[in-house]
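**Student:** This structure is in structure tokens; I'll ask about it shortly.
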Amino acid sequence: MARRRDPVEAASEESTDLYDVSTWEPRSILDRFAYAIYTGISYGLQTIVLAVAFAITVALLVQPALLVVEEGSVVIAVFFGLSVVPAAILAAFIWYSDITTHEPLTLLVATFVLAVLFATFAAVVNSLFSPSFQTLGSLGMVLFFYLIVGPVEETVKLLAIRFFAYRSDAFDAVIDGAVYGAVAGLGFAAIENTLYISGAIATADTGLLTVAAGTTTVRALVGPGHVIYSAIAGYYLGLAKFNPEHAGSIVTKGLLIAAFIHGTYNVTVGIVPNLVTSATPLPFGAAFIGYVVLFDLAIGAFLYRKIARYRRAFRAVRDDTGPDPQSEPTEFDPPQR
């Protein structure tokens, strides 16, 4: 969108100097001083946010690191890695579905790391508010999932994108938001899984490997949900970037959808498998796995339709105007002749 101009600037000739009248750039010593202060505050706040997130993350990861050292084996560390395999495969598929240019590895890694760091903010907020909602019983936990867990966790994942990748020129298509959202969800799942697995091992008296294997299986099932939710919110972030006049509303819509889906999963995953178990011969484990898989498939279909619609629109435009110089073919595309 073109920069809005003051009436004086719009009506004047390009040769007219309108500095400090209707245009501005740092010229004087005071200008440069003001610019330096603003830049310092801006980057200083970012640095503080990263430093705090890093400190919290290190503190939370001390326990998993000690568990690996105490066990004297890499087995526990392997469980940490296995827990994110399904989420990683899903994130890779969304990356693969990007019909425009594939995103730079540096931005993908940065988004993953930032999601790991910022996930700790969600952990702190959830811990602070959880006791208050628990006093309200079952209704309190429902409100907790919808008002705190869903919105906070989806917001910090979106922040991981907005902090760095969003500002890059490589973020040049709406669908890129879904790609970075998926990577942010993967980073969030990685740190969350690590904390859950380490917590389960730390509180187990015997059978540490059995406990670790069981918790890893559960977390491996839960991880893809984080990728899907944040990919949906990320898609709307991408849409907002190219519709700046409605950016706030678009981002809010994406967060509302992702947070509602996230909260609905958290509320129902503790209810539906129990209902299925009581009404059928299925054991709880099978009912749990079945429900999580079906829930993710349903929400994943919603995300897939949005990506597929974008891909169809992109192909239609490209067929009408010829190959886009900013895009490159992917394996989804037929060979060019």
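Letters for chains follow the order of the structure tokens (A, B, ...), residue numbers begin at 1 for each chain, and ligand numbers begin at 1 in the order shown.
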As an NGL selection string, please: every residue in stretch 19-87 of chain A that a backbone DSSP assignment puts in helix (DSSP H, G or I).
**Tutor:** :A and (29-71 or 75-82 or 85-87)
**Student:** Keeping only N, CA and C atoms, write those residues as a compact mmCIF listing (two decimals), in the first residue's frame.
**Tutor:**
# COMPACT_ATOMS: atom_id res chain seq x y z
N ILE A 29 21.47 17.41 14.39
CA ILE A 29 22.00 16.68 15.54
C ILE A 29 20.87 16.19 16.42
N LEU A 30 19.86 17.04 16.65
CA LEU A 30 18.73 16.66 17.47
C LEU A 30 17.94 15.52 16.82
N ASP A 31 17.79 15.61 15.48
CA ASP A 31 17.10 14.54 14.75
C ASP A 31 17.80 13.20 14.98
N ARG A 32 19.10 13.21 14.80
CA ARG A 32 19.86 11.97 14.93
C ARG A 32 19.86 11.47 16.38
N PHE A 33 19.86 12.40 17.31
CA PHE A 33 19.83 12.02 18.72
C PHE A 33 18.49 11.36 19.04
N ALA A 34 17.39 11.95 18.55
CA ALA A 34 16.07 11.37 18.78
C ALA A 34 15.96 10.00 18.12
N TYR A 35 16.51 9.91 16.91
CA TYR A 35 16.49 8.63 16.20
C TYR A 35 17.28 7.57 16.95
N ALA A 36 18.43 7.94 17.48
CA ALA A 36 19.26 6.99 18.23
C ALA A 36 18.57 6.53 19.50
N ILE A 37 17.90 7.46 20.19
CA ILE A 37 17.19 7.08 21.42
C ILE A 37 16.07 6.08 21.10
N TYR A 38 15.28 6.40 20.06
CA TYR A 38 14.18 5.50 19.70
C TYR A 38 14.70 4.13 19.30
N THR A 39 15.74 4.12 18.48
CA THR A 39 16.30 2.84 18.04
C THR A 39 16.85 2.05 19.22
N GLY A 40 17.52 2.75 20.13
CA GLY A 40 18.07 2.08 21.30
C GLY A 40 17.00 1.48 22.18
N ILE A 41 15.91 2.24 22.39
CA ILE A 41 14.81 1.72 23.20
C ILE A 41 14.16 0.52 22.53
N SER A 42 13.95 0.64 21.22
CA SER A 42 13.31 -0.43 20.47
C SER A 42 14.12 -1.72 20.55
N TYR A 43 15.40 -1.63 20.19
CA TYR A 43 16.23 -2.83 20.23
C TYR A 43 16.55 -3.24 21.67
N GLY A 44 16.59 -2.25 22.57
CA GLY A 44 16.85 -2.59 23.97
C GLY A 44 15.72 -3.41 24.56
N LEU A 45 14.48 -3.04 24.25
CA LEU A 45 13.34 -3.81 24.74
C LEU A 45 13.35 -5.22 24.16
N GLN A 46 13.69 -5.32 22.90
CA GLN A 46 13.77 -6.65 22.29
C GLN A 46 14.84 -7.50 22.97
N THR A 47 15.96 -6.87 23.25
CA THR A 47 17.05 -7.59 23.91
C THR A 47 16.64 -8.04 25.30
N ILE A 48 15.94 -7.17 26.03
CA ILE A 48 15.48 -7.53 27.37
C ILE A 48 14.51 -8.71 27.31
N VAL A 49 13.57 -8.65 26.35
CA VAL A 49 12.60 -9.74 26.20
C VAL A 49 13.32 -11.06 25.91
N LEU A 50 14.28 -11.01 25.00
CA LEU A 50 15.02 -12.24 24.68
C LEU A 50 15.83 -12.73 25.87
N ALA A 51 16.45 -11.81 26.60
CA ALA A 51 17.26 -12.19 27.76
C ALA A 51 16.41 -12.86 28.83
N VAL A 52 15.25 -12.27 29.10
CA VAL A 52 14.35 -12.86 30.12
C VAL A 52 13.87 -14.23 29.67
N ALA A 53 13.47 -14.34 28.41
CA ALA A 53 13.00 -15.63 27.89
C ALA A 53 14.10 -16.67 27.95
N PHE A 54 15.32 -16.26 27.61
CA PHE A 54 16.45 -17.20 27.65
C PHE A 54 16.71 -17.67 29.08
N ALA A 55 16.66 -16.75 30.03
CA ALA A 55 16.92 -17.10 31.42
C ALA A 55 15.87 -18.09 31.95
N ILE A 56 14.60 -17.83 31.63
CA ILE A 56 13.54 -18.73 32.07
C ILE A 56 13.69 -20.10 31.42
N THR A 57 14.02 -20.10 30.14
CA THR A 57 14.19 -21.37 29.42
C THR A 57 15.31 -22.19 30.02
N VAL A 58 16.43 -21.55 30.28
CA VAL A 58 17.56 -22.27 30.88
C VAL A 58 17.16 -22.86 32.23
N ALA A 59 16.45 -22.07 33.03
CA ALA A 59 16.02 -22.55 34.35
C ALA A 59 15.10 -23.76 34.23
N LEU A 60 14.21 -23.74 33.24
CA LEU A 60 13.29 -24.85 33.06
C LEU A 60 13.97 -26.09 32.50
N LEU A 61 15.04 -25.88 31.73
CA LEU A 61 15.72 -27.01 31.10
C LEU A 61 16.80 -27.63 31.98
N VAL A 62 17.06 -27.04 33.14
CA VAL A 62 18.06 -27.60 34.05
C VAL A 62 17.68 -29.02 34.45
N GLN A 63 16.41 -29.21 34.80
CA GLN A 63 15.97 -30.53 35.25
C GLN A 63 16.13 -31.61 34.17
N PRO A 64 15.66 -31.38 32.94
CA PRO A 64 15.89 -32.39 31.91
C PRO A 64 17.37 -32.70 31.69
N ALA A 65 18.20 -31.66 31.71
CA ALA A 65 19.63 -31.87 31.51
C ALA A 65 20.22 -32.73 32.62
N LEU A 66 19.80 -32.45 33.86
CA LEU A 66 20.29 -33.24 34.98
C LEU A 66 19.83 -34.69 34.91
N LEU A 67 18.60 -34.89 34.42
CA LEU A 67 18.09 -36.25 34.29
C LEU A 67 18.94 -37.06 33.32
N VAL A 68 19.30 -36.45 32.22
CA VAL A 68 20.13 -37.14 31.23
C VAL A 68 21.50 -37.46 31.82
N VAL A 69 22.07 -36.50 32.54
CA VAL A 69 23.39 -36.71 33.15
C VAL A 69 23.33 -37.79 34.22
N GLU A 70 22.30 -37.74 35.07
CA GLU A 70 22.18 -38.70 36.16
C GLU A 70 21.97 -40.11 35.65
N GLU A 71 21.20 -40.23 34.56
CA GLU A 71 20.97 -41.56 34.01
C GLU A 71 22.23 -42.11 33.35
N VAL A 75 19.47 -42.28 26.40
CA VAL A 75 18.14 -42.83 26.15
C VAL A 75 17.05 -41.79 26.43
N ILE A 76 17.19 -41.08 27.57
CA ILE A 76 16.19 -40.08 27.92
C ILE A 76 16.17 -38.96 26.88
N ALA A 77 17.35 -38.56 26.43
CA ALA A 77 17.43 -37.52 25.41
C ALA A 77 16.77 -37.99 24.11
N VAL A 78 16.90 -39.27 23.81
CA VAL A 78 16.26 -39.81 22.61
C VAL A 78 14.74 -39.70 22.72
N PHE A 79 14.22 -39.96 23.92
CA PHE A 79 12.78 -39.83 24.13
C PHE A 79 12.33 -38.39 23.87
N PHE A 80 13.13 -37.42 24.33
CA PHE A 80 12.80 -36.02 24.07
C PHE A 80 12.67 -35.79 22.56
N GLY A 81 13.63 -36.32 21.81
CA GLY A 81 13.62 -36.13 20.36
C GLY A 81 12.46 -36.84 19.68
N LEU A 82 12.18 -38.07 20.10
CA LEU A 82 11.11 -38.84 19.48
C LEU A 82 9.75 -38.19 19.67
N VAL A 85 8.72 -35.98 16.70
CA VAL A 85 8.80 -36.48 15.32
C VAL A 85 7.50 -36.26 14.54
N PRO A 86 6.33 -36.64 15.08
CA PRO A 86 5.10 -36.40 14.30
C PRO A 86 4.87 -34.92 14.00
N ALA A 87 5.13 -34.06 14.99
CA ALA A 87 4.96 -32.62 14.78
C ALA A 87 5.94 -32.12 13.72
**Student:** I want to know what sits within 12 Å of A:Val109, based on only C-alpha atoms, with residues of the same chain fewer than 2 positions away left out; could you give that as a PyMOL selection string?
**Tutor:** chain A and resi 103-107+111-116+160-161+164-165+180+182-184+186-187
**Student:** Rank nothing, just name the residue among A:Ala202, A:Ala11, A:Val179, A:Ile257 nearest to A:Ile99, using only C-alpha atoms.
**Tutor:**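 Answer, going by the shortest atom-to-atom distance: A:Val179.
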**Student:** Leaving out A:Gly185 and any residue of its chain fewer than 3 positions from it, which residues lie within 6 Å of it when counting only C-alpha atoms, given as a PyMOL selection string?
**Tutor:** chain A and resi 182+188+226-227+230
**Student:** For all heavy atoms, I'd like the residues from the last selection saved as a tab-separated table (two decimals), in the first residue's frame.
**Tutor:**
chain	number	residue	atom	x	y	z
A	182	ALA	N	3.73	-23.03	11.55
A	182	ALA	CA	3.98	-24.45	11.80
A	182	ALA	C	5.32	-24.66	12.52
A	182	ALA	O	5.42	-25.46	13.45
A	182	ALA	CB	3.98	-25.21	10.47
A	188	PHE	N	7.37	-24.78	20.04
A	188	PHE	CA	6.59	-24.80	21.28
A	188	PHE	C	6.41	-26.23	21.75
A	188	PHE	O	6.56	-26.54	22.95
A	188	PHE	CB	5.24	-24.14	21.04
A	188	PHE	CG	4.47	-23.85	22.30
A	188	PHE	CD1	4.45	-22.58	22.84
A	188	PHE	CD2	3.76	-24.85	22.95
A	188	PHE	CE1	3.75	-22.29	24.00
A	188	PHE	CE2	3.06	-24.59	24.11
A	188	PHE	CZ	3.04	-23.31	24.64
A	226	HIS	N	-0.23	-28.45	18.19
A	226	HIS	CA	0.42	-27.14	18.29
A	226	HIS	C	0.81	-26.61	16.92
A	226	HIS	O	0.68	-25.41	16.64
A	226	HIS	CB	1.67	-27.24	19.18
A	226	HIS	CG	1.37	-27.21	20.64
A	226	HIS	ND1	0.75	-26.15	21.24
A	226	HIS	CD2	1.62	-28.12	21.62
A	226	HIS	CE1	0.62	-26.38	22.54
A	226	HIS	NE2	1.13	-27.58	22.79
A	227	VAL	N	1.29	-27.50	16.06
A	227	VAL	CA	1.68	-27.10	14.71
A	227	VAL	C	0.46	-26.60	13.93
A	227	VAL	O	0.51	-25.57	13.26
A	227	VAL	CB	2.35	-28.29	13.96
A	227	VAL	CG1	2.59	-27.94	12.49
A	227	VAL	CG2	3.67	-28.65	14.64
A	230	SER	N	-1.06	-23.10	15.41
A	230	SER	CA	-0.26	-21.91	15.12
A	230	SER	C	-0.09	-21.69	13.63
A	230	SER	O	0.13	-20.55	13.19
A	230	SER	CB	1.11	-21.99	15.81
A	230	SER	OG	1.80	-23.17	15.43
